[in-house]
Amino acid sequence: MRGSRKRPCPHLPDLHQFACLGLWERRSTLNKEEKGQVIADLKEKFSRAKAVVFTDYKGMTVAELTELRRLLKKSSLDYRVVKNTLAKIASKETGVAAAERVFKGPIGVAIGYDDPVLVVKKVLEFAKTNEKIQVRGAVVEGRLCEPAEVKEIADLPSREVLLSMMAGAFQAPTSKMAGALSATVTSFAYAMQALQNTKSE
């Protein structure tokens with residue numbers, strides 16, 4: 001039709017969305033400066049991370065990745081799609097170096113900085129509504145965890161819950177405080193021990 005303008009293919013992703021998600025890191029050709037920026041950024045994040053969850057995002061649309069990123073950002077968590085060769089370099093001398101063998105194929109990383117359990121919970125929460133995303137493992141407090149172990153960690157109390165339990169124990173009447181505090185400490189000890197022993201078996 002005269003005067004009509006051919007619309008771009010609706011399946012093509014928006015380039016700005018790609019940039020925001022870090023998907024440009026998946027390009028096969030990055031110049032030296034871009035590679036250096038990616039490595040420096042990832043290294044800084046990996047160095048601060050309490051936990052990093054590795055996901056296979058194959059088949060997910062840009063809109064779905066944006067939704068995941070938005071969900072995590074609400075809890076001050078990051079999600080990045082990374083180029084494996086650069087991620088391996090960035091992980092050196094950080095706790096994430098334990099996951100070197102995981103960096104294969106399409107990989108996205110969810111990064112938590114304060115509560116190692118929270119980022120695991122949020123990723124699995126999203127996975128319940130989108131089967132395309134697959135958890136390939138995680139590094140929690142410097143320890144590499146298999147997918148089955150990641151699910152176990154998600155069942156642990158979050159840092160916020162544990163602190164709330166501790167606060168509640170201290171506010172309890174003296175006669176009940178000992179029992180409440182004991183139960184809280186037991187829960188806290190269980191959570192910490194579980195995180196430390198994810199690779200013990």
# chains A, B, ... in the order shown; residues from 1 in each chain; ligands from 1
call {"tool": "residues_around", "arguments": {"residues": "segment 68-78 of chain A", "least_positions_apart": "5", "cutoff": "10 Å", "atoms": "only C-alpha atoms", "output": "list in words"}}
result
Cys20, Leu21, Lys45, Ala49, Val52, Val62, Ala63, Val109, Ala110, Ile111, Gly112, Tyr113, Asp114, Asp115, Leu118, Val119, Lys122, Val123, Glu125, Phe126, Ala127, Asn130 and Ile133 of chain A
call {"tool": "write_last_selection", "arguments": {"atoms": "N, CA and C atoms", "output": "PDB file, in the first residue's frame"}}
result
ATOM      1  N   CYS A  20      20.555  -2.738  28.361  1.00  0.00           N
ATOM      2  CA  CYS A  20      20.226  -2.692  29.782  1.00  0.00           C
ATOM      3  C   CYS A  20      20.436  -4.044  30.445  1.00  0.00           C
ATOM      4  N   LEU A  21      20.170  -5.107  29.719  1.00  0.00           N
ATOM      5  CA  LEU A  21      20.301  -6.445  30.279  1.00  0.00           C
ATOM      6  C   LEU A  21      21.730  -6.953  30.246  1.00  0.00           C
ATOM      7  N   LYS A  45      31.460  -7.017  40.925  1.00  0.00           N
ATOM      8  CA  LYS A  45      30.231  -7.640  41.427  1.00  0.00           C
ATOM      9  C   LYS A  45      30.531  -8.999  42.058  1.00  0.00           C
ATOM     10  N   ALA A  49      29.868 -10.352  45.963  1.00  0.00           N
ATOM     11  CA  ALA A  49      28.746 -11.287  46.021  1.00  0.00           C
ATOM     12  C   ALA A  49      28.829 -12.264  47.192  1.00  0.00           C
ATOM     13  N   VAL A  52      25.997 -16.348  43.963  1.00  0.00           N
ATOM     14  CA  VAL A  52      25.764 -16.160  42.536  1.00  0.00           C
ATOM     15  C   VAL A  52      25.060 -17.404  42.013  1.00  0.00           C
ATOM     16  N   VAL A  62      13.424 -11.328  25.321  1.00  0.00           N
ATOM     17  CA  VAL A  62      13.970 -10.153  25.986  1.00  0.00           C
ATOM     18  C   VAL A  62      12.990  -9.656  27.050  1.00  0.00           C
ATOM     19  N   ALA A  63      11.696  -9.737  26.741  1.00  0.00           N
ATOM     20  CA  ALA A  63      10.678  -9.302  27.701  1.00  0.00           C
ATOM     21  C   ALA A  63      10.730 -10.149  28.972  1.00  0.00           C
ATOM     22  N   VAL A 109      23.732 -14.808  35.115  1.00  0.00           N
ATOM     23  CA  VAL A 109      24.067 -14.910  36.534  1.00  0.00           C
ATOM     24  C   VAL A 109      23.214 -13.950  37.353  1.00  0.00           C
ATOM     25  N   ALA A 110      22.639 -14.471  38.428  1.00  0.00           N
ATOM     26  CA  ALA A 110      21.908 -13.656  39.395  1.00  0.00           C
ATOM     27  C   ALA A 110      22.841 -13.473  40.588  1.00  0.00           C
ATOM     28  N   ILE A 111      23.029 -12.239  41.012  1.00  0.00           N
ATOM     29  CA  ILE A 111      24.037 -11.930  42.025  1.00  0.00           C
ATOM     30  C   ILE A 111      23.397 -11.292  43.249  1.00  0.00           C
ATOM     31  N   GLY A 112      23.684 -11.875  44.425  1.00  0.00           N
ATOM     32  CA  GLY A 112      23.193 -11.332  45.684  1.00  0.00           C
ATOM     33  C   GLY A 112      24.359 -10.858  46.538  1.00  0.00           C
ATOM     34  N   TYR A 113      24.203  -9.708  47.177  1.00  0.00           N
ATOM     35  CA  TYR A 113      25.322  -9.092  47.879  1.00  0.00           C
ATOM     36  C   TYR A 113      25.239  -9.154  49.411  1.00  0.00           C
ATOM     37  N   ASP A 114      24.049  -9.246  49.956  1.00  0.00           N
ATOM     38  CA  ASP A 114      23.906  -9.225  51.414  1.00  0.00           C
ATOM     39  C   ASP A 114      23.428 -10.555  51.991  1.00  0.00           C
ATOM     40  N   ASP A 115      22.412 -11.112  51.390  1.00  0.00           N
ATOM     41  CA  ASP A 115      21.808 -12.338  51.894  1.00  0.00           C
ATOM     42  C   ASP A 115      21.970 -13.447  50.849  1.00  0.00           C
ATOM     43  N   LEU A 118      18.578 -15.129  49.820  1.00  0.00           N
ATOM     44  CA  LEU A 118      17.554 -14.351  49.119  1.00  0.00           C
ATOM     45  C   LEU A 118      17.640 -14.483  47.609  1.00  0.00           C
ATOM     46  N   VAL A 119      18.830 -14.368  47.037  1.00  0.00           N
ATOM     47  CA  VAL A 119      18.958 -14.444  45.585  1.00  0.00           C
ATOM     48  C   VAL A 119      18.547 -15.816  45.070  1.00  0.00           C
ATOM     49  N   LYS A 122      14.687 -15.951  45.110  1.00  0.00           N
ATOM     50  CA  LYS A 122      14.068 -15.139  44.068  1.00  0.00           C
ATOM     51  C   LYS A 122      14.177 -15.788  42.687  1.00  0.00           C
ATOM     52  N   VAL A 123      15.319 -16.382  42.394  1.00  0.00           N
ATOM     53  CA  VAL A 123      15.487 -17.039  41.096  1.00  0.00           C
ATOM     54  C   VAL A 123      14.535 -18.228  40.975  1.00  0.00           C
ATOM     55  N   GLU A 125      11.810 -18.638  42.605  1.00  0.00           N
ATOM     56  CA  GLU A 125      10.447 -18.090  42.578  1.00  0.00           C
ATOM     57  C   GLU A 125      10.046 -17.761  41.148  1.00  0.00           C
ATOM     58  N   PHE A 126      10.969 -17.146  40.408  1.00  0.00           N
ATOM     59  CA  PHE A 126      10.694 -16.823  39.010  1.00  0.00           C
ATOM     60  C   PHE A 126      10.591 -18.093  38.173  1.00  0.00           C
ATOM     61  N   ALA A 127      11.436 -19.078  38.464  1.00  0.00           N
ATOM     62  CA  ALA A 127      11.446 -20.329  37.702  1.00  0.00           C
ATOM     63  C   ALA A 127      10.125 -21.077  37.814  1.00  0.00           C
ATOM     64  N   ASN A 130       8.130 -19.572  35.037  1.00  0.00           N
ATOM     65  CA  ASN A 130       8.720 -19.624  33.696  1.00  0.00           C
ATOM     66  C   ASN A 130       9.680 -20.809  33.622  1.00  0.00           C
ATOM     67  N   ILE A 133      13.707 -20.933  32.163  1.00  0.00           N
ATOM     68  CA  ILE A 133      14.946 -20.672  32.888  1.00  0.00           C
ATOM     69  C   ILE A 133      15.307 -21.900  33.717  1.00  0.00           C
TER      70      ILE A 133
END
call {"tool": "select_by_dssp", "arguments": {"residues": "segment 107-166 of chain A", "states": "strand (DSSP E or B)", "output": "NGL selection string"}}
result
:A and (107-112 or 134-140 or 143-145)
call {"tool": "write_last_selection", "arguments": {"atoms": "C-alpha atoms", "output": "PDB file, in the first residue's frame"}}
result
ATOM      1  CA  ILE A 107      24.622 -18.366  30.828  1.00  0.00           C
ATOM      2  CA  GLY A 108      23.023 -15.706  32.970  1.00  0.00           C
ATOM      3  CA  VAL A 109      24.067 -14.910  36.534  1.00  0.00           C
ATOM      4  CA  ALA A 110      21.908 -13.656  39.395  1.00  0.00           C
ATOM      5  CA  ILE A 111      24.037 -11.930  42.025  1.00  0.00           C
ATOM      6  CA  GLY A 112      23.193 -11.332  45.684  1.00  0.00           C
ATOM      7  CA  GLN A 134      17.006 -23.526  34.285  1.00  0.00           C
ATOM      8  CA  VAL A 135      19.254 -23.318  37.347  1.00  0.00           C
ATOM      9  CA  ARG A 136      22.652 -24.824  36.585  1.00  0.00           C
ATOM     10  CA  GLY A 137      24.186 -24.328  40.003  1.00  0.00           C
ATOM     11  CA  ALA A 138      25.324 -21.611  42.374  1.00  0.00           C
ATOM     12  CA  VAL A 139      28.273 -20.372  44.355  1.00  0.00           C
ATOM     13  CA  VAL A 140      27.228 -19.657  47.934  1.00  0.00           C
ATOM     14  CA  ARG A 143      31.224 -22.928  47.649  1.00  0.00           C
ATOM     15  CA  LEU A 144      29.948 -24.458  44.410  1.00  0.00           C
ATOM     16  CA  CYS A 145      26.483 -25.992  44.759  1.00  0.00           C
TER      17      CYS A 145
END
call {"tool": "closest_residue", "arguments": {"among": "A:Thr129, A:Asn84, A:Asp41, A:Val53", "to": "Glu67 of chain A", "atoms": "only C-alpha atoms"}}
result
A:Thr129
call {"tool": "atom_distance", "arguments": {"atom1": "atom CA of Pro116 of chain A", "atom2": "atom CA of Lys50 of chain A"}}
result
5.1 Å
call {"tool": "residues_around", "arguments": {"residues": "Lys92 of chain A", "least_positions_apart": "6", "cutoff": "10 Å", "atoms": "only C-alpha atoms", "output": "short mmCIF file (atom, residue, chain, number, x, y, z; two decimals) with C-alpha atoms, in the first residue's frame"}}
result
data_model
loop_
_atom_site.label_atom_id
_atom_site.label_comp_id
_atom_site.auth_asym_id
_atom_site.auth_seq_id
_atom_site.Cartn_x
_atom_site.Cartn_y
_atom_site.Cartn_z
CA LYS A 43 34.90 -8.71 38.87
CA PHE A 46 31.71 -11.11 41.95
CA SER A 47 34.04 -9.76 44.65
CA ALA A 98 34.90 -22.18 42.07
CA GLU A 100 34.74 -22.15 36.33
#
call {"tool": "select_by_dssp", "arguments": {"residues": "segment 21-140 of chain A", "states": "helix (DSSP H, G or I)", "output": "PyMOL selection string"}}
result
chain A and resi 21+23-26+32-48+62-73+84-91+95-102+116-127
